[in-house]
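**Student:** Okay, handing you the structure first.
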Amino acid sequence: MSATIWSLLPPIIAIVLALVTKEVYSSLLIGILAGAFLFVGANPVTAVETTFEIMSNKIGENAHILIFLVLLGILVALITKSGASRSYGNWATKTIKSQRGALLATTCLGVLIFVDDYFNCLTVGTVMRPVTDKYKVTRAKLAYIIDATAAPVCIIAPISSWAAAVGSSLPENSGIDGFRLFLQTIPFNLYALLTIAFMLFIIFTQIDFSKMKSYEISKQNGFDTSNHSELPIIGKGRVIDLVLPIVVLIAACILAMLYTGGLFEGVGIVEAFANCSSAKSLVLGSFFTLIFTFLLYIPRKVLRFEDFCASFVEGFKAMTPAIMILCLAWTLSGICSNEYLNIGGFVSSIISVDSAIGAILPVLFFLISLGLAFATGTSWGTFGILIPIAVAVFGSTNPMLVVTVAATLSGAVCGDHISPISDTTILASAGAQCNHIDHVSTQIPYAMLVSACCLVGFLAAGIFHNGWIGLIVGFVLEGITMTIILFKQKRSDLR
(Lines give C-alpha, C1' and ligand atoms only; values in the text may rest on other atoms or scores of the structure.)
Protein backbone atom coordinates (compact mmCIF):
# COMPACT_ATOMS: atom_id res chain seq x y z
CA MET A 1 0.00 0.00 0.00
CA SER A 2 3.03 2.28 0.28
CA ALA A 3 3.26 5.14 -2.28
CA THR A 4 -0.07 4.15 -3.86
CA ILE A 5 -3.45 5.84 -4.04
CA TRP A 6 -4.44 3.82 -0.97
CA SER A 7 -2.05 5.96 1.08
CA LEU A 8 -4.58 8.81 0.78
CA LEU A 9 -7.28 6.78 2.55
CA PRO A 10 -6.33 7.35 6.25
CA PRO A 11 -6.34 11.18 6.14
CA ILE A 12 -9.50 11.14 4.01
CA ILE A 13 -11.24 8.94 6.59
CA ALA A 14 -10.11 11.17 9.46
CA ILE A 15 -11.10 14.42 7.76
CA VAL A 16 -14.51 13.21 6.52
CA LEU A 17 -15.39 11.73 9.90
CA ALA A 18 -14.31 14.90 11.71
CA LEU A 19 -16.42 17.12 9.47
CA VAL A 20 -19.46 14.80 9.61
CA THR A 21 -19.42 13.86 13.30
CA LYS A 22 -17.85 17.11 14.58
CA GLU A 23 -15.81 14.90 16.92
CA VAL A 24 -12.13 15.19 16.13
CA TYR A 25 -10.48 12.82 18.62
CA SER A 26 -12.17 9.58 17.56
CA SER A 27 -12.04 10.60 13.88
CA LEU A 28 -8.27 11.03 14.00
CA LEU A 29 -7.80 7.77 15.89
CA ILE A 30 -9.91 5.83 13.37
CA GLY A 31 -7.91 7.35 10.50
CA ILE A 32 -4.63 6.40 12.22
CA LEU A 33 -5.76 2.80 12.83
CA ALA A 34 -6.96 2.53 9.22
CA GLY A 35 -3.50 3.58 8.06
CA ALA A 36 -1.82 1.11 10.40
CA PHE A 37 -4.00 -1.74 9.07
CA LEU A 38 -3.14 -0.74 5.48
CA PHE A 39 0.55 -0.84 6.35
CA VAL A 40 0.78 -4.07 8.40
CA GLY A 41 -2.16 -6.03 6.99
CA ALA A 42 -4.99 -7.72 8.89
CA ASN A 43 -3.17 -8.04 12.19
CA PRO A 44 -4.87 -5.93 14.87
CA VAL A 45 -2.14 -6.37 17.50
CA THR A 46 0.63 -5.28 15.11
CA ALA A 47 -1.52 -2.40 13.84
CA VAL A 48 -2.08 -1.05 17.36
CA GLU A 49 1.60 -1.58 18.19
CA THR A 50 2.60 0.36 15.06
CA THR A 51 0.17 3.14 15.95
CA PHE A 52 1.63 3.76 19.37
CA GLU A 53 5.20 3.34 18.14
CA ILE A 54 4.61 6.17 15.65
CA MET A 55 2.85 8.25 18.31
CA SER A 56 5.75 7.79 20.70
CA ASN A 57 8.28 8.84 18.05
CA LYS A 58 6.24 11.86 17.00
CA ILE A 59 5.75 13.07 20.57
CA GLY A 60 9.49 12.71 21.12
CA GLU A 61 10.31 14.68 17.97
CA ASN A 62 7.88 17.44 18.93
CA ALA A 63 8.44 17.48 22.69
CA HIS A 64 9.61 21.11 22.60
CA ILE A 65 6.32 22.20 21.03
CA LEU A 66 4.33 20.38 23.73
CA ILE A 67 6.46 21.95 26.48
CA PHE A 68 5.97 25.37 24.90
CA LEU A 69 2.19 24.86 24.86
CA VAL A 70 2.19 23.95 28.54
CA LEU A 71 4.39 26.92 29.51
CA LEU A 72 2.25 29.29 27.46
CA GLY A 73 -0.89 27.81 29.01
CA ILE A 74 0.59 28.56 32.44
CA LEU A 75 1.35 32.15 31.39
CA VAL A 76 -2.21 32.56 30.11
CA ALA A 77 -3.59 31.24 33.40
CA LEU A 78 -1.38 33.61 35.40
CA ILE A 79 -2.31 36.65 33.34
CA THR A 80 -6.01 35.76 33.58
CA LYS A 81 -6.05 35.02 37.33
CA SER A 82 -4.05 38.14 38.10
CA GLY A 83 -6.79 40.31 36.64
CA ALA A 84 -4.39 41.78 34.06
CA SER A 85 -6.52 40.56 31.14
CA ARG A 86 -9.61 42.20 32.63
CA SER A 87 -7.69 45.45 33.19
CA TYR A 88 -6.42 45.33 29.63
CA GLY A 89 -9.96 44.71 28.36
CA ASN A 90 -11.27 47.68 30.33
CA TRP A 91 -8.47 49.88 28.99
CA ALA A 92 -8.93 48.65 25.42
CA THR A 93 -12.66 49.34 25.59
CA LYS A 94 -11.89 53.00 26.19
CA THR A 95 -9.46 53.04 23.25
CA ILE A 96 -11.21 50.66 20.84
CA LYS A 97 -14.73 51.87 20.15
CA SER A 98 -16.20 49.20 17.88
CA GLN A 99 -16.21 45.58 16.82
CA ARG A 100 -14.33 46.59 13.67
CA GLY A 101 -11.68 48.28 15.80
CA ALA A 102 -11.27 45.15 17.92
CA LEU A 103 -10.78 43.01 14.82
CA LEU A 104 -8.31 45.48 13.31
CA ALA A 105 -6.34 45.54 16.56
CA THR A 106 -6.26 41.73 16.48
CA THR A 107 -5.02 41.83 12.90
CA CYS A 108 -2.27 44.35 13.69
CA LEU A 109 -1.04 42.25 16.60
CA GLY A 110 -1.08 39.14 14.40
CA VAL A 111 1.03 40.89 11.77
CA LEU A 112 3.49 42.13 14.40
CA ILE A 113 4.08 38.62 15.75
CA PHE A 114 5.57 37.27 12.52
CA VAL A 115 8.35 35.15 14.02
CA ASP A 116 6.42 31.88 14.41
CA ASP A 117 2.85 30.76 13.69
CA TYR A 118 2.47 28.68 16.88
CA PHE A 119 3.57 31.63 18.97
CA ASN A 120 1.31 33.91 16.92
CA CYS A 121 -1.86 31.85 17.37
CA LEU A 122 -1.67 31.47 21.13
CA THR A 123 -0.33 34.94 21.96
CA VAL A 124 -2.83 36.86 19.81
CA GLY A 125 -5.70 34.81 21.22
CA THR A 126 -4.54 35.37 24.80
CA VAL A 127 -4.16 39.14 24.45
CA MET A 128 -7.15 39.97 22.26
CA ARG A 129 -9.81 37.53 23.47
CA PRO A 130 -10.99 39.76 26.36
CA VAL A 131 -11.30 42.71 23.97
CA THR A 132 -13.14 40.84 21.21
CA ASP A 133 -15.46 39.30 23.81
CA LYS A 134 -16.47 42.77 25.00
CA TYR A 135 -17.53 43.67 21.46
CA LYS A 136 -19.30 40.34 20.95
CA VAL A 137 -16.93 39.05 18.29
CA THR A 138 -17.70 35.34 17.95
CA ARG A 139 -14.95 32.88 18.77
CA ALA A 140 -15.12 31.47 15.21
CA LYS A 141 -14.51 34.93 13.73
CA LEU A 142 -11.63 35.50 16.16
CA ALA A 143 -10.14 32.11 15.24
CA TYR A 144 -10.35 33.02 11.55
CA ILE A 145 -8.54 36.33 12.10
CA ILE A 146 -5.86 34.58 14.18
CA ASP A 147 -5.39 31.86 11.55
CA ALA A 148 -5.33 34.37 8.68
CA THR A 149 -2.53 36.35 10.34
CA ALA A 150 -0.46 33.34 11.42
CA ALA A 151 0.87 31.19 8.58
CA PRO A 152 0.03 33.72 5.79
CA VAL A 153 2.12 36.38 7.57
CA CYS A 154 4.95 34.02 8.57
CA ILE A 155 5.31 32.67 5.03
CA ILE A 156 6.04 36.17 3.67
CA ALA A 157 8.19 37.33 6.61
CA PRO A 158 11.94 37.10 5.87
CA ILE A 159 12.77 36.64 9.55
CA SER A 160 10.62 33.73 10.70
CA SER A 161 10.77 30.03 11.40
CA TRP A 162 8.97 29.48 8.07
CA ALA A 163 11.69 31.23 6.09
CA ALA A 164 14.21 28.89 7.68
CA ALA A 165 12.05 25.85 6.87
CA VAL A 166 11.72 26.84 3.20
CA GLY A 167 15.47 27.41 2.88
CA SER A 168 16.24 24.04 4.43
CA SER A 169 13.89 22.26 1.97
CA LEU A 170 16.25 22.81 -0.96
CA PRO A 171 18.27 19.73 -1.97
CA GLU A 172 21.97 19.72 -1.14
CA ASN A 173 24.34 20.82 -3.91
CA SER A 174 21.47 22.53 -5.76
CA GLY A 175 23.54 25.68 -6.20
CA ILE A 176 20.62 27.82 -4.98
CA ASP A 177 20.68 30.13 -1.99
CA GLY A 178 17.58 29.14 0.00
CA PHE A 179 17.08 32.51 1.68
CA ARG A 180 17.38 34.41 -1.60
CA LEU A 181 14.87 32.05 -3.24
CA PHE A 182 12.47 32.60 -0.35
CA LEU A 183 12.72 36.39 -0.73
CA GLN A 184 11.96 36.08 -4.45
CA THR A 185 8.79 34.06 -3.78
CA ILE A 186 7.23 36.69 -1.49
CA PRO A 187 5.58 38.86 -4.23
CA PHE A 188 4.15 35.74 -5.90
CA ASN A 189 2.83 33.99 -2.79
CA LEU A 190 -0.74 34.60 -3.88
CA TYR A 191 -2.55 32.74 -1.11
CA ALA A 192 -0.80 34.66 1.66
CA LEU A 193 -1.29 38.06 0.03
CA LEU A 194 -4.87 37.45 -1.10
CA THR A 195 -5.86 35.98 2.28
CA ILE A 196 -4.67 39.10 4.09
CA ALA A 197 -6.54 41.31 1.59
CA PHE A 198 -9.72 39.23 1.89
CA MET A 199 -9.54 39.26 5.70
CA LEU A 200 -9.34 43.08 5.67
CA PHE A 201 -12.35 43.14 3.33
CA ILE A 202 -14.35 41.01 5.78
CA ILE A 203 -13.36 43.26 8.68
CA PHE A 204 -14.11 46.61 7.00
CA THR A 205 -17.38 45.57 5.35
CA GLN A 206 -18.50 43.35 8.27
CA ILE A 207 -19.98 40.97 5.73
CA ASP A 208 -20.11 37.22 6.35
CA PHE A 209 -21.38 34.41 4.18
CA SER A 210 -21.75 30.64 4.05
CA LYS A 211 -20.93 28.74 7.28
CA MET A 212 -19.56 31.81 9.04
CA LYS A 213 -22.80 33.70 8.50
CA SER A 214 -24.85 30.78 9.83
CA TYR A 215 -22.59 30.60 12.87
CA GLU A 216 -22.89 34.35 13.50
CA ILE A 217 -26.70 34.13 13.28
CA SER A 218 -26.80 31.15 15.64
CA LYS A 219 -24.72 33.09 18.15
CA GLN A 220 -27.17 36.00 17.97
CA ASN A 221 -29.94 33.53 18.73
CA GLY A 222 -28.06 32.25 21.75
CA PHE A 223 -26.64 29.01 20.36
CA ASP A 224 -23.00 29.14 21.40
CA THR A 225 -20.69 26.15 20.89
CA SER A 226 -17.53 27.99 21.94
CA ASN A 227 -15.55 27.20 25.04
CA HIS A 228 -16.15 30.08 27.41
CA SER A 229 -14.73 28.52 30.56
CA GLU A 230 -12.62 31.15 32.28
CA LEU A 231 -10.42 31.04 35.35
CA PRO A 232 -11.55 33.01 38.41
CA ILE A 233 -9.92 36.44 38.72
CA ILE A 234 -8.35 36.69 42.15
CA GLY A 235 -5.57 39.26 41.65
CA LYS A 236 -5.35 42.98 41.26
CA GLY A 237 -3.30 43.06 38.08
CA ARG A 238 -3.01 46.16 35.94
CA VAL A 239 -2.50 46.61 32.19
CA ILE A 240 1.26 46.61 32.67
CA ASP A 241 1.00 43.09 34.15
CA LEU A 242 -0.22 41.85 30.78
CA VAL A 243 1.86 44.04 28.50
CA LEU A 244 5.25 43.39 30.13
CA PRO A 245 5.04 39.55 30.05
CA ILE A 246 3.92 39.61 26.40
CA VAL A 247 6.72 42.02 25.41
CA VAL A 248 9.28 39.93 27.31
CA LEU A 249 7.90 36.77 25.70
CA ILE A 250 8.32 38.19 22.19
CA ALA A 251 11.80 39.56 22.92
CA ALA A 252 12.92 36.39 24.71
CA CYS A 253 11.74 34.12 21.86
CA ILE A 254 13.49 36.24 19.22
CA LEU A 255 16.67 36.34 21.31
CA ALA A 256 16.46 32.58 21.85
CA MET A 257 16.15 32.03 18.08
CA LEU A 258 19.31 34.07 17.54
CA TYR A 259 21.02 32.11 20.33
CA THR A 260 20.09 28.65 18.98
CA GLY A 261 21.01 29.82 15.47
CA GLY A 262 24.56 30.64 16.58
CA LEU A 263 24.54 34.44 16.69
CA PHE A 264 26.73 34.45 19.80
CA GLU A 265 29.19 32.14 18.05
CA GLY A 266 29.91 34.63 15.27
CA VAL A 267 27.10 33.80 12.82
CA GLY A 268 25.24 36.67 11.09
CA ILE A 269 21.67 37.60 12.05
CA VAL A 270 20.07 36.30 8.84
CA GLU A 271 22.00 33.03 9.02
CA ALA A 272 21.16 32.70 12.72
CA PHE A 273 17.43 32.91 11.97
CA ALA A 274 17.87 30.43 9.12
CA ASN A 275 19.71 27.91 11.33
CA CYS A 276 17.74 28.34 14.55
CA SER A 277 15.68 25.68 16.29
CA SER A 278 12.36 27.50 16.52
CA ALA A 279 10.72 24.91 18.81
CA LYS A 280 13.59 24.97 21.32
CA SER A 281 13.68 28.77 21.11
CA LEU A 282 9.99 29.01 21.99
CA VAL A 283 10.56 26.82 25.05
CA LEU A 284 13.51 28.93 26.20
CA GLY A 285 11.64 32.19 25.60
CA SER A 286 8.49 31.07 27.42
CA PHE A 287 10.46 29.61 30.36
CA PHE A 288 12.39 32.81 31.00
CA THR A 289 9.17 34.78 30.60
CA LEU A 290 7.61 32.61 33.30
CA ILE A 291 10.49 33.47 35.61
CA PHE A 292 10.08 37.17 34.75
CA THR A 293 6.35 36.96 35.50
CA PHE A 294 7.10 35.41 38.89
CA LEU A 295 9.43 38.28 39.72
CA LEU A 296 6.84 40.78 38.44
CA TYR A 297 3.84 39.37 40.32
CA ILE A 298 5.03 37.93 43.64
CA PRO A 299 6.99 40.88 45.17
CA ARG A 300 4.13 43.26 44.26
CA LYS A 301 1.55 40.75 45.61
CA VAL A 302 -0.37 40.71 42.34
CA LEU A 303 -0.84 37.00 43.08
CA ARG A 304 -0.07 34.99 46.18
CA PHE A 305 2.62 32.33 45.90
CA GLU A 306 0.12 29.47 46.27
CA ASP A 307 -2.13 30.95 43.56
CA PHE A 308 0.87 31.34 41.29
CA CYS A 309 1.79 27.67 41.74
CA ALA A 310 -1.84 26.54 41.28
CA SER A 311 -1.77 28.13 37.81
CA PHE A 312 0.69 25.47 36.67
CA VAL A 313 -1.96 22.75 36.80
CA GLU A 314 -4.69 25.03 35.46
CA GLY A 315 -2.53 26.12 32.52
CA PHE A 316 -1.75 22.50 31.69
CA LYS A 317 -5.44 21.57 31.81
CA ALA A 318 -6.33 24.43 29.46
CA MET A 319 -3.89 23.12 26.85
CA THR A 320 -4.87 19.44 27.15
CA PRO A 321 -7.38 19.46 24.23
CA ALA A 322 -4.88 21.13 21.87
CA ILE A 323 -2.09 18.76 22.98
CA MET A 324 -4.32 15.71 22.47
CA ILE A 325 -5.37 16.77 18.98
CA LEU A 326 -1.78 17.65 18.04
CA CYS A 327 -0.47 14.25 19.18
CA LEU A 328 -3.14 12.45 17.14
CA ALA A 329 -2.55 14.72 14.11
CA TRP A 330 1.21 14.11 14.28
CA THR A 331 0.59 10.36 14.47
CA LEU A 332 -1.63 10.48 11.39
CA SER A 333 1.07 12.46 9.60
CA GLY A 334 3.59 9.81 10.70
CA ILE A 335 1.59 6.90 9.28
CA CYS A 336 1.46 8.81 5.97
CA SER A 337 5.23 9.54 5.98
CA ASN A 338 7.95 8.02 3.79
CA GLU A 339 8.68 5.25 6.30
CA TYR A 340 5.09 3.95 6.19
CA LEU A 341 2.38 4.69 3.59
CA ASN A 342 4.52 7.30 1.80
CA ILE A 343 1.97 9.77 0.45
CA GLY A 344 4.90 11.91 -0.71
CA GLY A 345 6.20 9.10 -2.93
CA PHE A 346 2.77 8.73 -4.53
CA VAL A 347 2.59 12.48 -5.18
CA SER A 348 6.14 12.52 -6.59
CA SER A 349 5.26 9.81 -9.09
CA ILE A 350 2.23 11.80 -10.29
CA ILE A 351 4.26 14.97 -10.81
CA SER A 352 7.06 13.17 -12.63
CA VAL A 353 4.55 11.83 -15.12
CA ASP A 354 3.07 15.28 -15.82
CA SER A 355 6.24 17.38 -15.58
CA ALA A 356 6.44 17.93 -19.34
CA ILE A 357 3.36 20.17 -19.27
CA GLY A 358 5.29 23.37 -18.51
CA ALA A 359 2.53 25.98 -18.73
CA ILE A 360 0.33 24.39 -16.08
CA LEU A 361 3.13 23.35 -13.70
CA PRO A 362 2.64 26.29 -11.27
CA VAL A 363 -1.08 25.60 -10.91
CA LEU A 364 -0.39 21.85 -10.78
CA PHE A 365 2.09 22.31 -7.94
CA PHE A 366 -0.43 24.60 -6.19
CA LEU A 367 -3.21 22.00 -6.36
CA ILE A 368 -1.04 19.06 -5.35
CA SER A 369 0.50 21.05 -2.52
CA LEU A 370 -2.97 22.07 -1.33
CA GLY A 371 -4.22 18.47 -1.42
CA LEU A 372 -1.13 17.07 0.28
CA ALA A 373 -1.19 19.67 3.08
CA PHE A 374 -4.93 19.11 3.56
CA ALA A 375 -4.46 15.35 3.79
CA THR A 376 -1.43 15.37 6.08
CA GLY A 377 -2.08 18.55 8.08
CA THR A 378 1.48 19.78 7.59
CA SER A 379 2.58 22.60 5.32
CA TRP A 380 6.28 22.22 6.18
CA GLY A 381 6.24 18.55 5.23
CA THR A 382 4.40 19.42 2.03
CA PHE A 383 6.87 21.93 0.66
CA GLY A 384 9.69 19.75 1.98
CA ILE A 385 8.49 17.11 -0.49
CA LEU A 386 7.60 19.34 -3.44
CA ILE A 387 10.33 22.02 -3.51
CA PRO A 388 13.09 19.49 -4.38
CA ILE A 389 10.86 18.20 -7.18
CA ALA A 390 10.38 21.74 -8.52
CA VAL A 391 14.17 22.26 -8.47
CA ALA A 392 14.67 18.99 -10.33
CA VAL A 393 12.09 19.96 -12.97
CA PHE A 394 13.21 23.56 -13.61
CA GLY A 395 16.84 23.65 -12.53
CA SER A 396 18.45 26.59 -10.77
CA THR A 397 18.32 29.12 -13.61
CA ASN A 398 14.76 28.89 -14.94
CA PRO A 399 12.78 31.98 -13.78
CA MET A 400 9.64 29.83 -13.47
CA LEU A 401 11.25 28.04 -10.53
CA VAL A 402 10.46 31.04 -8.29
CA VAL A 403 6.79 31.10 -9.38
CA THR A 404 6.43 27.34 -8.96
CA VAL A 405 7.98 27.39 -5.49
CA ALA A 406 5.66 30.29 -4.60
CA ALA A 407 2.72 28.21 -5.86
CA THR A 408 3.91 25.31 -3.70
CA LEU A 409 4.11 27.51 -0.60
CA SER A 410 0.67 29.00 -1.36
CA GLY A 411 -0.91 25.58 -1.73
CA ALA A 412 0.76 24.32 1.44
CA VAL A 413 -0.58 27.22 3.52
CA CYS A 414 -4.04 26.90 1.97
CA GLY A 415 -4.20 23.14 2.62
CA ASP A 416 -2.95 23.78 6.14
CA HIS A 417 -5.74 26.33 6.62
CA ILE A 418 -8.60 24.07 5.61
CA SER A 419 -7.36 20.85 7.22
CA PRO A 420 -8.96 19.80 10.52
CA ILE A 421 -5.74 17.97 11.42
CA SER A 422 -3.40 20.93 10.85
CA ASP A 423 -1.43 21.96 13.93
CA THR A 424 -1.75 25.67 13.10
CA THR A 425 -5.52 25.36 12.70
CA ILE A 426 -5.72 23.46 15.99
CA LEU A 427 -3.73 26.18 17.77
CA ALA A 428 -5.85 28.95 16.24
CA SER A 429 -8.89 27.22 17.74
CA ALA A 430 -7.08 26.93 21.07
CA GLY A 431 -5.98 30.57 21.00
CA ALA A 432 -9.53 31.75 20.36
CA GLN A 433 -11.01 29.10 22.68
CA CYS A 434 -13.28 28.11 19.82
CA ASN A 435 -14.70 24.68 19.11
CA HIS A 436 -12.23 23.21 16.64
CA ILE A 437 -14.72 21.90 14.09
CA ASP A 438 -16.64 25.20 14.22
CA HIS A 439 -13.42 27.00 13.30
CA VAL A 440 -12.62 24.61 10.45
CA SER A 441 -16.11 24.61 8.95
CA THR A 442 -16.48 28.41 9.08
CA GLN A 443 -13.00 29.05 7.66
CA ILE A 444 -13.13 26.61 4.72
CA PRO A 445 -15.49 28.69 2.48
CA TYR A 446 -13.32 31.80 2.92
CA ALA A 447 -10.12 29.88 2.24
CA MET A 448 -11.55 28.10 -0.81
CA LEU A 449 -12.77 31.38 -2.33
CA VAL A 450 -9.27 32.84 -2.01
CA SER A 451 -7.70 29.62 -3.34
CA ALA A 452 -9.90 29.80 -6.46
CA CYS A 453 -8.48 33.27 -7.21
CA CYS A 454 -4.98 31.88 -6.62
CA LEU A 455 -5.60 28.99 -8.99
CA VAL A 456 -6.50 31.35 -11.86
CA GLY A 457 -3.56 33.59 -10.98
CA PHE A 458 -1.02 30.74 -11.08
CA LEU A 459 -2.56 29.47 -14.31
CA ALA A 460 -2.03 32.91 -15.86
CA ALA A 461 1.54 33.03 -14.48
CA GLY A 462 2.31 29.68 -16.11
CA ILE A 463 0.76 30.55 -19.46
CA PHE A 464 2.56 33.90 -19.73
CA HIS A 465 5.70 32.73 -17.88
CA ASN A 466 5.43 35.82 -15.70
CA GLY A 467 4.68 35.84 -11.97
CA TRP A 468 3.69 39.50 -11.95
CA ILE A 469 0.88 38.82 -14.42
CA GLY A 470 -0.32 36.04 -12.14
CA LEU A 471 -0.27 38.42 -9.17
CA ILE A 472 -2.30 41.05 -11.05
CA VAL A 473 -4.82 38.46 -12.29
CA GLY A 474 -5.24 37.04 -8.78
CA PHE A 475 -5.87 40.45 -7.20
CA VAL A 476 -8.21 41.57 -9.99
CA LEU A 477 -10.25 38.38 -9.69
CA GLU A 478 -10.45 38.71 -5.91
CA GLY A 479 -11.48 42.37 -6.32
CA ILE A 480 -14.30 41.33 -8.65
CA THR A 481 -15.35 38.63 -6.18
CA MET A 482 -15.39 41.13 -3.31
CA THR A 483 -17.51 43.52 -5.40
CA ILE A 484 -20.03 40.77 -6.16
CA ILE A 485 -20.26 39.81 -2.47
CA LEU A 486 -20.76 43.47 -1.51
CA PHE A 487 -23.41 43.95 -4.21
CA LYS A 488 -25.33 40.85 -3.09
CA GLN A 489 -25.22 42.01 0.52
CA LYS A 490 -26.61 45.42 -0.38
CA ARG A 491 -29.41 43.79 -2.39
CA SER A 492 -30.18 41.55 0.57
CA ASP A 493 -30.29 44.54 2.93
CA LEU A 494 -32.78 46.35 0.67
CA ARG A 495 -35.26 43.49 0.78
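Identifiers in the C-alpha coordinates: chain A, B, ... in order shown; residue index from 1 per chain; ligand index from 1 in order shown.
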Can you list, as number ranges by chain, every residue of region 69-168 of chain A that DSSP puts in helix (DSSP H, G or I)?
**Tutor:** A: 69-81, 84-95, 99-112, 117-134, 139-148, 151-154, 161-168
**Student:** For the interface of region 349-467 of chain A with region 323-332 of chain A (cut-off 9 Å, counting only C-alpha atoms), please tabulate each contacting residue of region 349-467 of chain A alongside its nearest pair of atoms and their separation in Å to one decimal, rows sorted by chain and increasing number, as a Markdown table.
**Tutor:**
```
| residue | atom | partner | partner_atom | distance |
| --- | --- | --- | --- | --- |
| A:Thr376 | CA | A:Leu332 | CA | 7.2 |
| A:Gly377 | CA | A:Ala329 | CA | 7.2 |
| A:Thr378 | CA | A:Trp330 | CA | 8.8 |
| A:Pro420 | CA | A:Ala329 | CA | 8.9 |
| A:Ile421 | CA | A:Ala329 | CA | 5.3 |
| A:Ser422 | CA | A:Ala329 | CA | 7.1 |
| A:Asp423 | CA | A:Leu326 | CA | 6.0 |
| A:Ile426 | CA | A:Leu326 | CA | 7.3 |
| A:Leu427 | CA | A:Leu326 | CA | 8.8 |
```
**Student:** Those residues with N, CA, C and O atoms, as a PDB file, in the first residue's frame please?
**Tutor:**
```pdb
ATOM      1  N   THR A 376      -2.402  15.682   5.030  1.00  0.00           N
ATOM      2  CA  THR A 376      -1.427  15.369   6.078  1.00  0.00           C
ATOM      3  C   THR A 376      -1.453  16.355   7.237  1.00  0.00           C
ATOM      4  O   THR A 376      -0.946  16.052   8.320  1.00  0.00           O
ATOM      5  N   GLY A 377      -2.023  17.553   7.021  1.00  0.00           N
ATOM      6  CA  GLY A 377      -2.079  18.552   8.079  1.00  0.00           C
ATOM      7  C   GLY A 377      -0.766  19.269   8.320  1.00  0.00           C
ATOM      8  O   GLY A 377      -0.609  19.959   9.319  1.00  0.00           O
ATOM      9  N   THR A 378       0.185  19.119   7.405  1.00  0.00           N
ATOM     10  CA  THR A 378       1.476  19.783   7.592  1.00  0.00           C
ATOM     11  C   THR A 378       1.891  20.525   6.330  1.00  0.00           C
ATOM     12  O   THR A 378       1.982  19.927   5.255  1.00  0.00           O
ATOM     13  N   PRO A 420      -8.629  19.934   9.089  1.00  0.00           N
ATOM     14  CA  PRO A 420      -8.957  19.803  10.520  1.00  0.00           C
ATOM     15  C   PRO A 420      -7.815  19.225  11.345  1.00  0.00           C
ATOM     16  O   PRO A 420      -7.815  19.352  12.562  1.00  0.00           O
ATOM     17  N   ILE A 421      -6.838  18.595  10.684  1.00  0.00           N
ATOM     18  CA  ILE A 421      -5.740  17.966  11.423  1.00  0.00           C
ATOM     19  C   ILE A 421      -4.468  18.802  11.371  1.00  0.00           C
ATOM     20  O   ILE A 421      -3.398  18.338  11.751  1.00  0.00           O
ATOM     21  N   SER A 422      -4.566  20.042  10.900  1.00  0.00           N
ATOM     22  CA  SER A 422      -3.402  20.927  10.853  1.00  0.00           C
ATOM     23  C   SER A 422      -3.094  21.469  12.240  1.00  0.00           C
ATOM     24  O   SER A 422      -3.996  21.916  12.961  1.00  0.00           O
ATOM     25  N   ASP A 423      -1.802  21.462  12.615  1.00  0.00           N
ATOM     26  CA  ASP A 423      -1.435  21.957  13.934  1.00  0.00           C
ATOM     27  C   ASP A 423      -1.714  23.456  14.082  1.00  0.00           C
ATOM     28  O   ASP A 423      -2.161  23.916  15.132  1.00  0.00           O
ATOM     29  N   ILE A 426      -5.394  23.906  14.630  1.00  0.00           N
ATOM     30  CA  ILE A 426      -5.716  23.463  15.992  1.00  0.00           C
ATOM     31  C   ILE A 426      -5.354  24.545  16.998  1.00  0.00           C
ATOM     32  O   ILE A 426      -6.124  24.857  17.915  1.00  0.00           O
ATOM     33  N   LEU A 427      -4.173  25.155  16.829  1.00  0.00           N
ATOM     34  CA  LEU A 427      -3.725  26.176  17.768  1.00  0.00           C
ATOM     35  C   LEU A 427      -4.513  27.477  17.623  1.00  0.00           C
ATOM     36  O   LEU A 427      -4.692  28.209  18.603  1.00  0.00           O
TER      37      LEU A 427
END
```
**Student:** If we count only C-alpha atoms, what is near Ala432 (chain A) at a cut-off of 9 Å, once residues fewer than 5 positions away on the same chain are taken out, given as a PyMOL selection string?
**Tutor:** chain A and resi 121-122+124-126+128-129+139-144+146+226-227+427
**Student:** Using only C-alpha atoms, which residues of region 331-416 of chain A come within 12 Å of region 49-59 of chain A, and what is the closest atom pair for each, with the distance in Å to one decimal? Give it as a tab-separated table, sorted by chain and residue number.
**Tutor:**
```
residue	atom	partner	partner_atom	distance
A:Thr331	CA	A:Met55	CA	4.9
A:Leu332	CA	A:Met55	CA	8.5
A:Ser333	CA	A:Lys58	CA	9.0
A:Gly334	CA	A:Ile54	CA	6.2
A:Ile335	CA	A:Ile54	CA	7.1
A:Cys336	CA	A:Ile54	CA	10.5
A:Ser337	CA	A:Ile54	CA	10.3
A:Glu339	CA	A:Ile54	CA	10.2
A:Tyr340	CA	A:Ile54	CA	9.7
```
**Student:** Between A:Gln184, A:Met212, A:Gly431, A:Leu75, which one has atoms that come closest to Gly110 (chain A), using only C-alpha atoms?
**Tutor:**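 Distance minimum relative to Gly110 (chain A) lands on A:Gly431.
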**Student:** I'd like the contact shell of region 1-17 of chain A - 10 Å cut-off, only C-alpha atoms, skipping same-chain residues fewer than 4 positions apart - returned as a PyMOL selection string.
**Tutor:** chain A and resi 21-41+329+332-333+335-349+371-372+374-377+419-421
**Student:** Using only C-alpha atoms, can you tell me which of A:Lys94, A:Arg180, A:Lys211, A:Lys81 comes closest to Phe308 (chain A)?
**Tutor:**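 Counting only C-alpha atoms, the residue closest to Phe308 (chain A) is A:Lys81.
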**Student:** Write out as a PyMOL selection string the residues lying within 9 Å of region 233-242 of chain A, counting only C-alpha atoms and excluding same-chain residues fewer than 5 positions away.
**Tutor:** chain A and resi 79-89+91+127+247+293+296-297+301-304+307
